[in-house]
Structures are given as C-alpha cells and as structure tokens.
>>> print(open('data35.txt').read())   # compact mmCIF, C-alpha atoms and all ligand atoms
# COMPACT_ATOMS: atom_id res chain seq x y z
CA MET A 1 -9.39 17.98 17.69
CA SER A 2 -5.92 17.20 19.03
CA PHE A 3 -4.62 16.99 15.44
CA ASN A 4 -5.68 20.53 14.52
CA VAL A 5 -2.08 21.60 15.18
CA ALA A 6 0.88 22.74 13.09
CA ALA A 7 2.59 20.00 11.12
CA THR A 8 5.93 21.01 12.67
CA ALA A 9 4.50 20.30 16.15
CA TYR A 10 3.34 16.88 14.95
CA ASP A 11 6.79 16.23 13.48
CA ARG A 12 8.43 16.83 16.85
CA PHE A 13 5.87 14.86 18.84
CA MET A 14 5.01 11.82 16.69
CA GLY A 15 6.70 12.33 13.32
CA ARG A 16 10.02 11.43 14.95
CA PHE A 17 8.55 7.93 15.45
CA SER A 18 6.23 7.64 12.46
CA ARG A 19 8.96 8.43 9.91
CA PRO A 20 11.11 5.41 10.85
CA LEU A 21 7.93 3.33 11.30
CA SER A 22 6.93 4.21 7.72
CA ARG A 23 10.13 2.69 6.34
CA VAL A 24 9.72 -0.49 8.41
CA CYS A 25 6.06 -0.68 7.39
CA VAL A 26 6.72 -0.36 3.64
CA ASP A 27 9.53 -2.96 3.87
CA TRP A 28 6.98 -5.30 5.46
CA LEU A 29 4.23 -4.54 2.93
CA GLU A 30 6.53 -5.07 -0.09
CA PRO A 31 4.38 -3.09 -2.57
CA ARG A 32 4.74 -3.88 -6.27
CA ASP A 33 6.35 -1.14 -8.39
CA ASP A 34 3.10 -0.42 -10.24
CA ASP A 35 0.81 -0.36 -7.18
CA ARG A 36 -1.62 2.55 -6.70
CA ALA A 37 -1.43 3.25 -2.96
CA LEU A 38 -3.78 5.05 -0.56
CA ASP A 39 -2.46 6.46 2.73
CA VAL A 40 -5.48 6.88 5.04
CA GLY A 41 -4.95 9.34 7.92
CA CYS A 42 -1.73 10.45 6.24
CA GLY A 43 -1.06 13.30 8.69
CA PRO A 44 1.69 15.58 7.37
CA GLY A 45 2.84 12.74 5.12
CA ALA A 46 5.43 10.47 6.78
CA LEU A 47 4.22 7.26 5.12
CA THR A 48 3.10 9.18 2.03
CA GLU A 49 6.70 10.20 1.38
CA VAL A 50 8.08 6.66 1.72
CA LEU A 51 5.33 5.29 -0.56
CA ALA A 52 6.00 8.02 -3.15
CA ASP A 53 9.74 7.19 -3.07
CA ARG A 54 9.09 3.44 -3.48
CA LEU A 55 6.34 3.76 -6.12
CA SER A 56 5.94 7.20 -7.73
CA ALA A 57 4.29 10.40 -6.52
CA ALA A 58 1.58 10.06 -9.16
CA SER A 59 0.53 6.64 -7.91
CA VAL A 60 0.10 7.71 -4.26
CA THR A 61 -2.98 9.36 -2.69
CA GLY A 62 -3.33 10.57 0.89
CA VAL A 63 -6.38 11.57 2.93
CA ASP A 64 -6.66 13.15 6.38
CA PRO A 65 -9.41 15.10 8.20
CA SER A 66 -6.93 17.66 9.61
CA GLU A 67 -6.64 20.74 7.37
CA PRO A 68 -3.10 21.78 8.49
CA PHE A 69 -1.89 18.20 7.92
CA VAL A 70 -3.47 18.03 4.45
CA ASP A 71 -1.73 21.31 3.52
CA ALA A 72 1.62 20.05 4.83
CA ALA A 73 1.31 16.65 3.13
CA ARG A 74 0.59 18.42 -0.19
CA GLN A 75 3.53 20.80 0.14
CA ARG A 76 5.93 18.06 1.20
CA ASN A 77 4.91 15.59 -1.51
CA PRO A 78 4.57 17.35 -4.88
CA GLY A 79 2.70 15.17 -7.36
CA VAL A 80 0.85 13.21 -4.67
CA THR A 81 -2.95 13.76 -4.48
CA VAL A 82 -3.94 14.70 -0.92
CA LEU A 83 -7.61 15.18 0.04
CA GLN A 84 -9.34 16.21 3.24
CA ALA A 85 -11.44 13.19 4.21
CA SER A 86 -11.98 10.58 6.92
CA ALA A 87 -11.54 6.83 6.73
CA GLU A 88 -15.24 6.28 7.38
CA ALA A 89 -16.25 8.09 4.14
CA LEU A 90 -13.50 7.73 1.55
CA PRO A 91 -14.19 9.81 -1.59
CA PHE A 92 -13.07 7.09 -4.05
CA ASP A 93 -14.66 4.50 -6.31
CA ASP A 94 -14.70 0.83 -5.41
CA GLY A 95 -11.39 -0.87 -6.21
CA ALA A 96 -9.51 2.37 -6.98
CA PHE A 97 -6.28 1.22 -5.22
CA ASP A 98 -4.02 -1.82 -5.06
CA LEU A 99 -2.86 -1.05 -1.52
CA SER A 100 -4.65 0.90 1.24
CA VAL A 101 -2.84 1.59 4.51
CA ALA A 102 -3.87 3.30 7.76
CA GLN A 103 -0.73 3.89 9.84
CA LEU A 104 -1.41 4.90 13.49
CA VAL A 105 -5.01 5.89 12.62
CA VAL A 106 -7.47 3.09 13.54
CA HIS A 107 -7.47 4.10 17.23
CA PHE A 108 -8.65 7.60 16.22
CA MET A 109 -11.47 6.48 13.94
CA THR A 110 -14.96 7.24 15.26
CA ASP A 111 -16.05 3.95 13.63
CA PRO A 112 -13.06 1.57 13.21
CA ARG A 113 -15.22 -1.20 11.67
CA GLY A 114 -16.75 1.21 9.17
CA GLY A 115 -13.32 2.68 8.44
CA MET A 116 -11.76 -0.72 7.71
CA SER A 117 -14.71 -1.63 5.49
CA GLU A 118 -14.13 1.58 3.56
CA LEU A 119 -10.41 0.75 3.13
CA ARG A 120 -11.43 -2.65 1.75
CA ARG A 121 -14.12 -1.16 -0.52
CA VAL A 122 -11.68 1.22 -2.25
CA THR A 123 -9.09 -1.58 -2.68
CA ARG A 124 -9.37 -3.83 -5.76
CA PRO A 125 -10.14 -7.54 -5.32
CA GLY A 126 -6.76 -9.18 -4.66
CA GLY A 127 -5.29 -5.91 -3.35
CA VAL A 128 -3.91 -5.39 0.15
CA ILE A 129 -5.40 -3.55 3.15
CA ALA A 130 -3.09 -2.83 6.11
CA ALA A 131 -3.09 -0.99 9.43
CA SER A 132 -0.87 -0.38 12.43
CA VAL A 133 -1.38 0.95 15.98
CA TRP A 134 1.22 1.33 18.75
CA ASP A 135 1.12 -1.35 21.45
CA PHE A 136 -0.44 0.95 24.05
CA ALA A 137 -1.95 -1.98 25.97
CA GLY A 138 1.47 -3.63 26.34
CA GLY A 139 3.25 -0.41 27.35
CA ARG A 140 5.37 -0.33 24.17
CA ALA A 141 4.10 2.94 22.63
CA PRO A 142 6.39 5.99 22.32
CA GLN A 143 4.15 7.70 24.93
CA SER A 144 4.07 4.78 27.41
CA VAL A 145 6.45 6.38 29.95
CA PHE A 146 4.52 9.64 29.71
CA PHE A 147 1.18 7.86 30.29
CA ARG A 148 2.62 5.95 33.27
CA ALA A 149 3.67 9.26 34.86
CA LEU A 150 0.39 10.95 33.92
CA ARG A 151 -1.69 8.20 35.54
CA GLU A 152 0.37 8.39 38.71
CA VAL A 153 -0.46 12.10 38.94
CA VAL A 154 -4.02 11.82 37.56
CA PRO A 155 -5.38 8.33 38.31
CA GLY A 156 -7.63 7.14 35.51
CA ALA A 157 -6.20 9.49 32.86
CA GLU A 158 -6.72 8.09 29.34
CA ASP A 159 -3.68 6.19 28.05
CA GLU A 160 -5.06 4.97 24.67
CA ALA A 161 -4.77 1.31 25.81
CA ARG A 162 -8.49 0.66 25.35
CA ARG A 163 -8.63 2.13 21.87
CA ALA A 164 -9.23 -0.03 18.79
CA GLY A 165 -6.14 -1.86 17.59
CA ALA A 166 -4.03 -1.25 20.71
CA ARG A 167 -3.99 -4.95 21.68
CA ARG A 168 -2.58 -8.05 19.97
CA GLY A 169 -5.01 -9.47 17.44
CA GLU A 170 -7.42 -6.53 17.30
CA LEU A 171 -6.30 -5.22 13.92
CA ALA A 172 -6.48 -8.71 12.42
CA ALA A 173 -10.01 -9.07 13.82
CA LEU A 174 -11.02 -5.74 12.26
CA LEU A 175 -9.64 -6.84 8.88
CA ARG A 176 -11.45 -10.17 9.16
CA GLY A 177 -14.66 -8.37 10.11
CA ALA A 178 -14.29 -6.15 7.04
CA GLY A 179 -14.17 -9.29 4.85
CA CYS A 180 -10.40 -9.57 4.23
CA HIS A 181 -8.64 -12.93 3.93
CA ASP A 182 -5.05 -14.25 4.09
CA ILE A 183 -4.43 -12.00 7.10
CA GLU A 184 -0.89 -11.67 8.45
CA GLU A 185 0.18 -9.94 11.66
CA ALA A 186 3.51 -8.40 12.61
CA GLU A 187 5.18 -6.31 15.28
CA LEU A 188 7.00 -3.34 13.79
CA ASP A 189 9.83 -1.91 15.94
CA VAL A 190 11.51 1.50 15.89
CA GLU A 191 14.03 3.22 18.13
CA VAL A 192 14.44 6.98 18.44
CA ALA A 193 17.27 8.84 20.19
CA SER A 194 16.75 12.05 22.20
CA PRO A 195 20.00 13.76 23.21
CA THR A 196 18.54 15.21 26.41
CA PHE A 197 15.51 14.81 28.64
CA GLU A 198 14.32 18.28 27.55
CA ASP A 199 14.44 17.20 23.92
CA TRP A 200 12.29 14.16 24.83
CA TRP A 201 9.83 16.19 26.99
CA GLU A 202 9.25 19.39 25.03
CA PRO A 203 7.07 17.79 22.28
CA TYR A 204 4.52 16.76 24.94
CA THR A 205 3.95 20.49 25.69
CA LEU A 206 2.81 21.20 22.10
CA GLY A 207 -0.76 19.93 22.55
CA VAL A 208 -0.53 17.15 19.95
CA GLY A 209 -2.67 14.01 20.21
CA PRO A 210 -4.40 12.72 23.36
CA ALA A 211 -1.16 12.96 25.41
CA GLY A 212 -0.51 16.61 24.54
CA ALA A 213 -4.19 17.54 24.89
CA GLN A 214 -4.40 15.99 28.37
CA LEU A 215 -1.18 17.64 29.54
CA ALA A 216 -2.47 21.04 28.38
CA GLN A 217 -5.55 20.64 30.57
CA LEU A 218 -3.62 20.00 33.81
CA SER A 219 -2.81 22.62 36.43
CA GLU A 220 0.73 24.00 36.46
CA ASN A 221 1.56 21.89 39.56
CA GLN A 222 0.23 18.70 37.96
CA ARG A 223 2.19 19.39 34.76
CA ALA A 224 5.36 19.89 36.79
CA ALA A 225 4.68 16.64 38.67
CA VAL A 226 4.27 14.67 35.41
CA ARG A 227 7.50 16.16 34.04
CA GLU A 228 9.36 15.35 37.28
CA ARG A 229 8.12 11.74 37.26
CA CYS A 230 9.18 11.29 33.63
CA LEU A 231 12.60 12.67 34.54
CA ASP A 232 12.83 10.16 37.44
CA LEU A 233 11.94 7.32 35.10
CA LEU A 234 14.21 8.34 32.21
CA GLY A 235 17.10 10.39 33.60
CA GLU A 236 18.72 13.45 32.01
CA GLY A 237 19.59 11.59 28.80
CA PRO A 238 20.62 10.70 26.24
CA ILE A 239 17.41 8.67 25.99
CA ARG A 240 16.69 5.87 23.54
CA THR A 241 12.95 5.26 23.13
CA GLY A 242 12.02 1.92 21.63
CA ALA A 243 8.45 1.51 20.38
CA THR A 244 6.48 -1.35 18.84
CA ALA A 245 3.38 -1.17 16.66
CA TRP A 246 0.92 -3.97 16.09
CA ALA A 247 0.41 -4.34 12.34
CA ALA A 248 -1.89 -6.48 10.23
CA LYS A 249 -2.44 -6.86 6.50
CA GLY A 250 -5.05 -8.76 4.56
CA THR A 251 -6.28 -9.32 1.02
CA HIS A 252 -9.56 -8.09 -0.45
C1 LIG B 301 -0.91 9.57 14.87
S1 LIG B 301 -1.42 10.43 13.44
C2 LIG B 301 -0.73 9.40 12.15
C3 LIG B 301 -0.39 10.19 10.91
C4 LIG B 301 0.44 9.45 9.87
N1 LIG B 301 -0.26 8.29 9.37
C5 LIG B 301 1.78 9.08 10.43
O1 LIG B 301 2.06 7.90 10.49
O2 LIG B 301 2.54 9.98 10.81
C6 LIG B 301 -3.14 10.11 13.33
C7 LIG B 301 -3.78 10.75 12.13
O3 LIG B 301 -5.09 10.23 11.98
C8 LIG B 301 -5.91 11.28 11.52
N2 LIG B 301 -7.29 10.89 11.80
C9 LIG B 301 -8.03 11.06 12.91
N3 LIG B 301 -9.26 10.54 12.74
C10 LIG B 301 -9.31 10.02 11.50
C11 LIG B 301 -10.32 9.37 10.73
N4 LIG B 301 -11.51 9.12 11.22
N5 LIG B 301 -10.02 9.01 9.47
C12 LIG B 301 -8.79 9.23 8.95
N6 LIG B 301 -7.80 9.85 9.63
C13 LIG B 301 -8.05 10.24 10.89
C14 LIG B 301 -5.42 12.50 12.29
O4 LIG B 301 -5.82 13.71 11.71
C15 LIG B 301 -3.92 12.27 12.24
O5 LIG B 301 -3.34 12.85 11.10
>>> encode(input="data35.txt", output="structure tokens", more="lines below")
Ligand SMILES: C[S@@+](CC[C@H](N)C(=O)[O-])C[C@H]1O[C@@H](n2cnc3c(N)ncnc32)[C@H](O)[C@@H]1O
Amino acid sequence: MSFNVAATAYDRFMGRFSRPLSRVCVDWLEPRDDDRALDVGCGPGALTEVLADRLSAASVTGVDPSEPFVDAARQRNPGVTVLQASAEALPFDDGAFDLSVAQLVVHFMTDPRGGMSELRRVTRPGGVIAASVWDFAGGRAPQSVFFRALREVVPGAEDEARRAGARRGELAALLRGAGCHDIEEAELDVEVASPTFEDWWEPYTLGVGPAGAQLAQLSENQRAAVRERCLDLLGEGPIRTGATAWAAKGTH
C-alpha cells in the first residue's frame, strides 16, 4: 500500500497541502462547539488536529487503515481516539457522531459508495457528512504538474483523474446515493510555497501515494526524464503551487 510509509514522508509529500486544506475545510464546515467529529482516513492527523483545536480532543475520533499513520495521529493528538479501520467498515454504532468527514480519501476507497454509506450510518440524523478530493480531472491537484510530466515519459501512467470524486459533482452524487439531503458543493483552494525546485521535487522520491509509488517503479533514466520535465515546467524556484479540492457536504 502506498500509504504504508513513515508519517514524516507523508508530511513532506501531501501533509504540506493537507494541513492548509484542513483549516479551509473546517472553516467551510462550521462545526458546532459541542459536535462529536469523525475523521475518516485521518492519515497522520492533519484534519484531526484542526478539529481537536476547534472542538476538543475528547470529542474527535480518527480512523485510518495505515498502521504508521494511526501511530502518528495518536502521538500528535493526545486525547483523540484513533483506531485502525477503513471507511467501508467503520467500528462505530449508528449515529455515534454529529459530523463525519473524509478528507482526500474517497478516491482511495475500494468501495466509495459503501464507504459513504458507512459515514452516513455512523452520523446521527440531522448530522453532517462531508468529503473532499483534489481536482485531478481538471489538472488542479498538487501533483498535476508531476502527472503531466510522468505521462509524457510513460504514456498512459495513472494520474488519479478517473478515481471517485476527482470530477465536479461526483462527491455530491456519492452523498446523494448514500441517502444524504441538503447537499452543498464547494471548491477549496490552498497555495503552498517551495523555496527551490529540489524542495518541490524531493517528496516525490519518498514513495508516498500513487505518484511516489509510480516514480519508484521507473528506470533511473525515466525518473531523470520526469524530473527534468518538471524542472522545465516549473523552473528552479521559488515555486508557488496552487491546488483546488472538490468538496461536498450533506445532511443525514
Ligand atoms: C491523501 S491521504 C489523506 C490523509 C488525511 N485525511 C489528510 O488530509 O492529510 C489518504 C488517506 O486515506 C487512507 N485510506 C486509504 N484507503 C482507505 C479506506 N478504504 N478507508 C479509509 N481510509 C483510507 C490512507 O491510509 C491515507 O491515510
């Protein structure tokens, strides 16, 4: 699994984007002070931390299938309950939460419909279910320049654009299919600065996620060609990477 990696590697690769996204996401969700929140696919705990700050550690629970991420999320968020579990089989009673969120996770679920139904099941009637996925299909993901270069070197390489939630309207459709109502959609924007090209590139060499896993499987020459093409496209830096996530929320 491309998420069976050290939390520090994840931080450098995706955490640099998911931390600011977490703040934008929670501002958009506007949780109530007394909400019990579930962070599904919490990773090392970017959104978990923002939820715990806004609510309280005791009222936040995280789950993730990756053991190193569960360990990191526990260590980083004392007082938060973090369990090893997948969205498709959440180990909670019906209606246990007021707010259930899957940030940057739906496109990794083996069964996105089943996963969203589970999020709704563990949310109380009247509670909120929400999800976000980068706009891979529209070329507005943090990895979009990398995937453009990768596909020039390896035609047909997977760029996550066909995954669930990566297109406008797909997350809303999943929520509707799970039985949610009063669905709202949003585009959540972040911008991340890298002082140099090397600072931007190095996280791709850590084997994290589909991008890192694909790069690791290339020959040395192909890897060098992808790096060179990214450098052509971005320059030596500083580099500002803007990224946009599709987001949708609905009511149980
Ligand atoms: C891009 S990371 C997002 C992590 C975190 N939510 C964040 O915003 O930084 C995707 C996460 O989804 C988790 N994941 C993969 N498949 C999953 C599933 N079926 N159910 C729940 N989480 C899953 C991975 O282990 C990984 O931690």
>>> atom_distance(input="data35.txt", atom1="atom CA of A:Glu152", atom2="atom CA of A:Arg223")
11.8 Å
>>> residues_near_point(input="data35.txt", point="(-6.2, 14.1, 3.6)", cutoff="7 Å", atoms="only C-alpha atoms", output="list of chain:residue names")
A:Gly41, A:Cys42, A:Gly62, A:Val63, A:Asp64, A:Pro65, A:Val70, A:Val82, A:Leu83, A:Gln84, A:Ala85
>>> closest_residue(input="data35.txt", among="A:Leu234, A:Leu218, A:Ala52, A:Ala141", to="A:Val190", atoms="all atoms listed in the file")
A:Ala141
>>> closest_residue(input="data35.txt", among="A:Pro91, A:Pro20, A:Pro203, A:Gly127", to="A:Asp189", atoms="all atoms listed in the file")
A:Pro20
>>> residues_near_ligand(input="data35.txt", ligand="ligand LIG 301 (chain B)", cutoff="6 Å", atoms="all atoms listed in the file", output="list of chain:residue names")
A:Phe3, A:Gly15, A:Ser18, A:Val40, A:Gly41, A:Cys42, A:Gly43, A:Ala46, A:Leu47, A:Asp64, A:Pro65, A:Ser66, A:Ser86, A:Ala87, A:Gln103, A:Leu104, A:Val105, A:Phe108, A:Met109, A:Thr110
>>> atom_distance(input="data35.txt", atom1="atom CA of A:Glu220", atom2="atom CA of A:Val153")
12.2 Å
>>> atom_distance(input="data35.txt", atom1="atom CA of A:Ala211", atom2="atom CA of A:Gly156")
13.3 Å
>>> closest_residue(input="data35.txt", among="A:Phe197, A:Phe146, A:Trp134, A:Tyr204", to="A:Leu21", atoms="all atoms listed in the file")
A:Trp134
>>> residues_around(input="data35.txt", residues="stretch 117-126 of chain A", least_positions_apart="5", cutoff="8 Å", atoms="all atoms listed in the file", output="PyMOL selection string")
chain A and resi 87-90+92-101+178-180+251-252
>>> residues_around(input="data35.txt", residues="stretch 29-35 of chain A", least_positions_apart="2", cutoff="8 Å", atoms="all atoms listed in the file", output="PyMOL selection string")
chain A and resi 25-27+37+54-55+59+97-99+249
>>> residues_around(input="data35.txt", residues="A:Pro195", least_positions_apart="4", cutoff="9 Å", atoms="only C-alpha atoms", output="list in words")
Asp199, Trp200, Glu236, Gly237, Pro238, Ile239 and Arg240 of chain A
>>> residues_around(input="data35.txt", residues="A:Ala186", least_positions_apart="4", cutoff="7 Å", atoms="only C-alpha atoms", output="PDB file with C-alpha atoms, in the frame of the given file")
ATOM      1  CA  TRP A 246       0.920  -3.970  16.090  1.00  0.00           C
ATOM      2  CA  ALA A 247       0.410  -4.340  12.340  1.00  0.00           C
ATOM      3  CA  ALA A 248      -1.890  -6.480  10.230  1.00  0.00           C
TER       4      ALA A 248
END
>>> residues_around(input="data35.txt", residues="A:Leu171", least_positions_apart="5", cutoff="10 Å", atoms="all atoms listed in the file", output="PyMOL selection string")
chain A and resi 106-107+112+116+130-133+164-166+176-177+183+185+246-249
>>> closest_residue(input="data35.txt", among="A:Ala149, A:Val208, A:Leu38, A:Leu174", to="A:Asp111", atoms="only C-alpha atoms")
A:Leu174
>>> closest_residue(input="data35.txt", among="A:Glu202, A:Glu67, A:Glu191, A:Glu184", to="A:Pro142", atoms="all atoms listed in the file")
A:Glu191
>>> closest_residue(input="data35.txt", among="A:Ala137, A:Ala243, A:Ala224, A:Ala9", to="A:Gly212", atoms="only C-alpha atoms")
A:Ala9
>>> build_atoms(input="data35.txt", residues="stretch 176-187 of chain A", atoms="all heavy atoms", output="PDB file, in the frame of the given file")
ATOM      1  N   ARG A 176     -10.587  -9.003   9.403  1.00  0.00           N
ATOM      2  CA  ARG A 176     -11.450 -10.170   9.160  1.00  0.00           C
ATOM      3  C   ARG A 176     -12.904  -9.721   9.105  1.00  0.00           C
ATOM      4  O   ARG A 176     -13.661 -10.107   8.212  1.00  0.00           O
ATOM      5  CB  ARG A 176     -11.235 -11.203  10.276  1.00  0.00           C
ATOM      6  CG  ARG A 176     -11.494 -12.626   9.872  1.00  0.00           C
ATOM      7  CD  ARG A 176     -11.017 -13.614  10.942  1.00  0.00           C
ATOM      8  NE  ARG A 176      -9.576 -13.629  11.112  1.00  0.00           N
ATOM      9  CZ  ARG A 176      -8.927 -13.298  12.231  1.00  0.00           C
ATOM     10  NH1 ARG A 176      -9.592 -12.947  13.305  1.00  0.00           N
ATOM     11  NH2 ARG A 176      -7.617 -13.345  12.279  1.00  0.00           N
ATOM     12  N   GLY A 177     -13.280  -8.872  10.055  1.00  0.00           N
ATOM     13  CA  GLY A 177     -14.660  -8.370  10.110  1.00  0.00           C
ATOM     14  C   GLY A 177     -15.044  -7.574   8.865  1.00  0.00           C
ATOM     15  O   GLY A 177     -16.205  -7.534   8.470  1.00  0.00           O
ATOM     16  N   ALA A 178     -14.027  -6.944   8.250  1.00  0.00           N
ATOM     17  CA  ALA A 178     -14.290  -6.150   7.040  1.00  0.00           C
ATOM     18  C   ALA A 178     -14.363  -7.044   5.802  1.00  0.00           C
ATOM     19  O   ALA A 178     -14.645  -6.549   4.704  1.00  0.00           O
ATOM     20  CB  ALA A 178     -13.209  -5.086   6.863  1.00  0.00           C
ATOM     21  N   GLY A 179     -14.064  -8.357   5.976  1.00  0.00           N
ATOM     22  CA  GLY A 179     -14.170  -9.290   4.850  1.00  0.00           C
ATOM     23  C   GLY A 179     -12.841  -9.614   4.186  1.00  0.00           C
ATOM     24  O   GLY A 179     -12.818 -10.208   3.096  1.00  0.00           O
ATOM     25  N   CYS A 180     -11.722  -9.252   4.815  1.00  0.00           N
ATOM     26  CA  CYS A 180     -10.400  -9.570   4.230  1.00  0.00           C
ATOM     27  C   CYS A 180     -10.041 -11.023   4.515  1.00  0.00           C
ATOM     28  O   CYS A 180     -10.517 -11.622   5.481  1.00  0.00           O
ATOM     29  CB  CYS A 180      -9.324  -8.663   4.822  1.00  0.00           C
ATOM     30  SG  CYS A 180      -9.579  -6.921   4.438  1.00  0.00           S
ATOM     31  N   HIS A 181      -9.139 -11.572   3.690  1.00  0.00           N
ATOM     32  CA  HIS A 181      -8.640 -12.930   3.930  1.00  0.00           C
ATOM     33  C   HIS A 181      -7.119 -12.947   3.842  1.00  0.00           C
ATOM     34  O   HIS A 181      -6.499 -11.923   3.578  1.00  0.00           O
ATOM     35  CB  HIS A 181      -9.285 -13.932   2.955  1.00  0.00           C
ATOM     36  CG  HIS A 181      -9.046 -13.594   1.514  1.00  0.00           C
ATOM     37  ND1 HIS A 181      -7.962 -14.048   0.818  1.00  0.00           N
ATOM     38  CD2 HIS A 181      -9.754 -12.814   0.650  1.00  0.00           C
ATOM     39  CE1 HIS A 181      -8.017 -13.584  -0.425  1.00  0.00           C
ATOM     40  NE2 HIS A 181      -9.094 -12.826  -0.550  1.00  0.00           N
ATOM     41  N   ASP A 182      -6.518 -14.112   4.079  1.00  0.00           N
ATOM     42  CA  ASP A 182      -5.050 -14.250   4.090  1.00  0.00           C
ATOM     43  C   ASP A 182      -4.407 -13.176   4.981  1.00  0.00           C
ATOM     44  O   ASP A 182      -3.472 -12.469   4.566  1.00  0.00           O
ATOM     45  CB  ASP A 182      -4.478 -14.175   2.672  1.00  0.00           C
ATOM     46  CG  ASP A 182      -4.899 -15.350   1.821  1.00  0.00           C
ATOM     47  OD1 ASP A 182      -5.192 -16.418   2.396  1.00  0.00           O
ATOM     48  OD2 ASP A 182      -4.960 -15.200   0.589  1.00  0.00           O
ATOM     49  N   ILE A 183      -4.904 -13.065   6.197  1.00  0.00           N
ATOM     50  CA  ILE A 183      -4.430 -12.000   7.100  1.00  0.00           C
ATOM     51  C   ILE A 183      -3.118 -12.409   7.760  1.00  0.00           C
ATOM     52  O   ILE A 183      -2.958 -13.546   8.204  1.00  0.00           O
ATOM     53  CB  ILE A 183      -5.520 -11.700   8.152  1.00  0.00           C
ATOM     54  CG1 ILE A 183      -6.743 -11.110   7.433  1.00  0.00           C
ATOM     55  CG2 ILE A 183      -5.013 -10.737   9.227  1.00  0.00           C
ATOM     56  CD1 ILE A 183      -8.007 -11.101   8.227  1.00  0.00           C
ATOM     57  N   GLU A 184      -2.180 -11.464   7.770  1.00  0.00           N
ATOM     58  CA  GLU A 184      -0.890 -11.670   8.450  1.00  0.00           C
ATOM     59  C   GLU A 184      -0.709 -10.574   9.475  1.00  0.00           C
ATOM     60  O   GLU A 184      -1.047  -9.428   9.219  1.00  0.00           O
ATOM     61  CB  GLU A 184       0.278 -11.574   7.459  1.00  0.00           C
ATOM     62  CG  GLU A 184       0.415 -12.727   6.519  1.00  0.00           C
ATOM     63  CD  GLU A 184       1.560 -12.479   5.537  1.00  0.00           C
ATOM     64  OE1 GLU A 184       2.624 -11.975   5.958  1.00  0.00           O
ATOM     65  OE2 GLU A 184       1.358 -12.760   4.349  1.00  0.00           O
ATOM     66  N   GLU A 185      -0.101 -10.941  10.630  1.00  0.00           N
ATOM     67  CA  GLU A 185       0.180  -9.940  11.660  1.00  0.00           C
ATOM     68  C   GLU A 185       1.683  -9.802  11.844  1.00  0.00           C
ATOM     69  O   GLU A 185       2.450 -10.724  11.550  1.00  0.00           O
ATOM     70  CB  GLU A 185      -0.449 -10.382  12.985  1.00  0.00           C
ATOM     71  CG  GLU A 185      -1.957 -10.470  12.930  1.00  0.00           C
ATOM     72  CD  GLU A 185      -2.555 -10.892  14.263  1.00  0.00           C
ATOM     73  OE1 GLU A 185      -2.739 -10.009  15.115  1.00  0.00           O
ATOM     74  OE2 GLU A 185      -2.819 -12.094  14.422  1.00  0.00           O
ATOM     75  N   ALA A 186       2.079  -8.637  12.344  1.00  0.00           N
ATOM     76  CA  ALA A 186       3.510  -8.400  12.610  1.00  0.00           C
ATOM     77  C   ALA A 186       3.638  -7.401  13.746  1.00  0.00           C
ATOM     78  O   ALA A 186       2.675  -6.701  14.089  1.00  0.00           O
ATOM     79  CB  ALA A 186       4.195  -7.867  11.358  1.00  0.00           C
ATOM     80  N   GLU A 187       4.831  -7.375  14.335  1.00  0.00           N
ATOM     81  CA  GLU A 187       5.180  -6.310  15.280  1.00  0.00           C
ATOM     82  C   GLU A 187       6.271  -5.492  14.618  1.00  0.00           C
ATOM     83  O   GLU A 187       7.298  -6.030  14.220  1.00  0.00           O
ATOM     84  CB  GLU A 187       5.691  -6.906  16.598  1.00  0.00           C
ATOM     85  CG  GLU A 187       4.643  -7.715  17.329  1.00  0.00           C
ATOM     86  CD  GLU A 187       5.155  -8.298  18.642  1.00  0.00           C
ATOM     87  OE1 GLU A 187       6.035  -7.688  19.278  1.00  0.00           O
ATOM     88  OE2 GLU A 187       4.669  -9.375  19.008  1.00  0.00           O
TER      89      GLU A 187
END
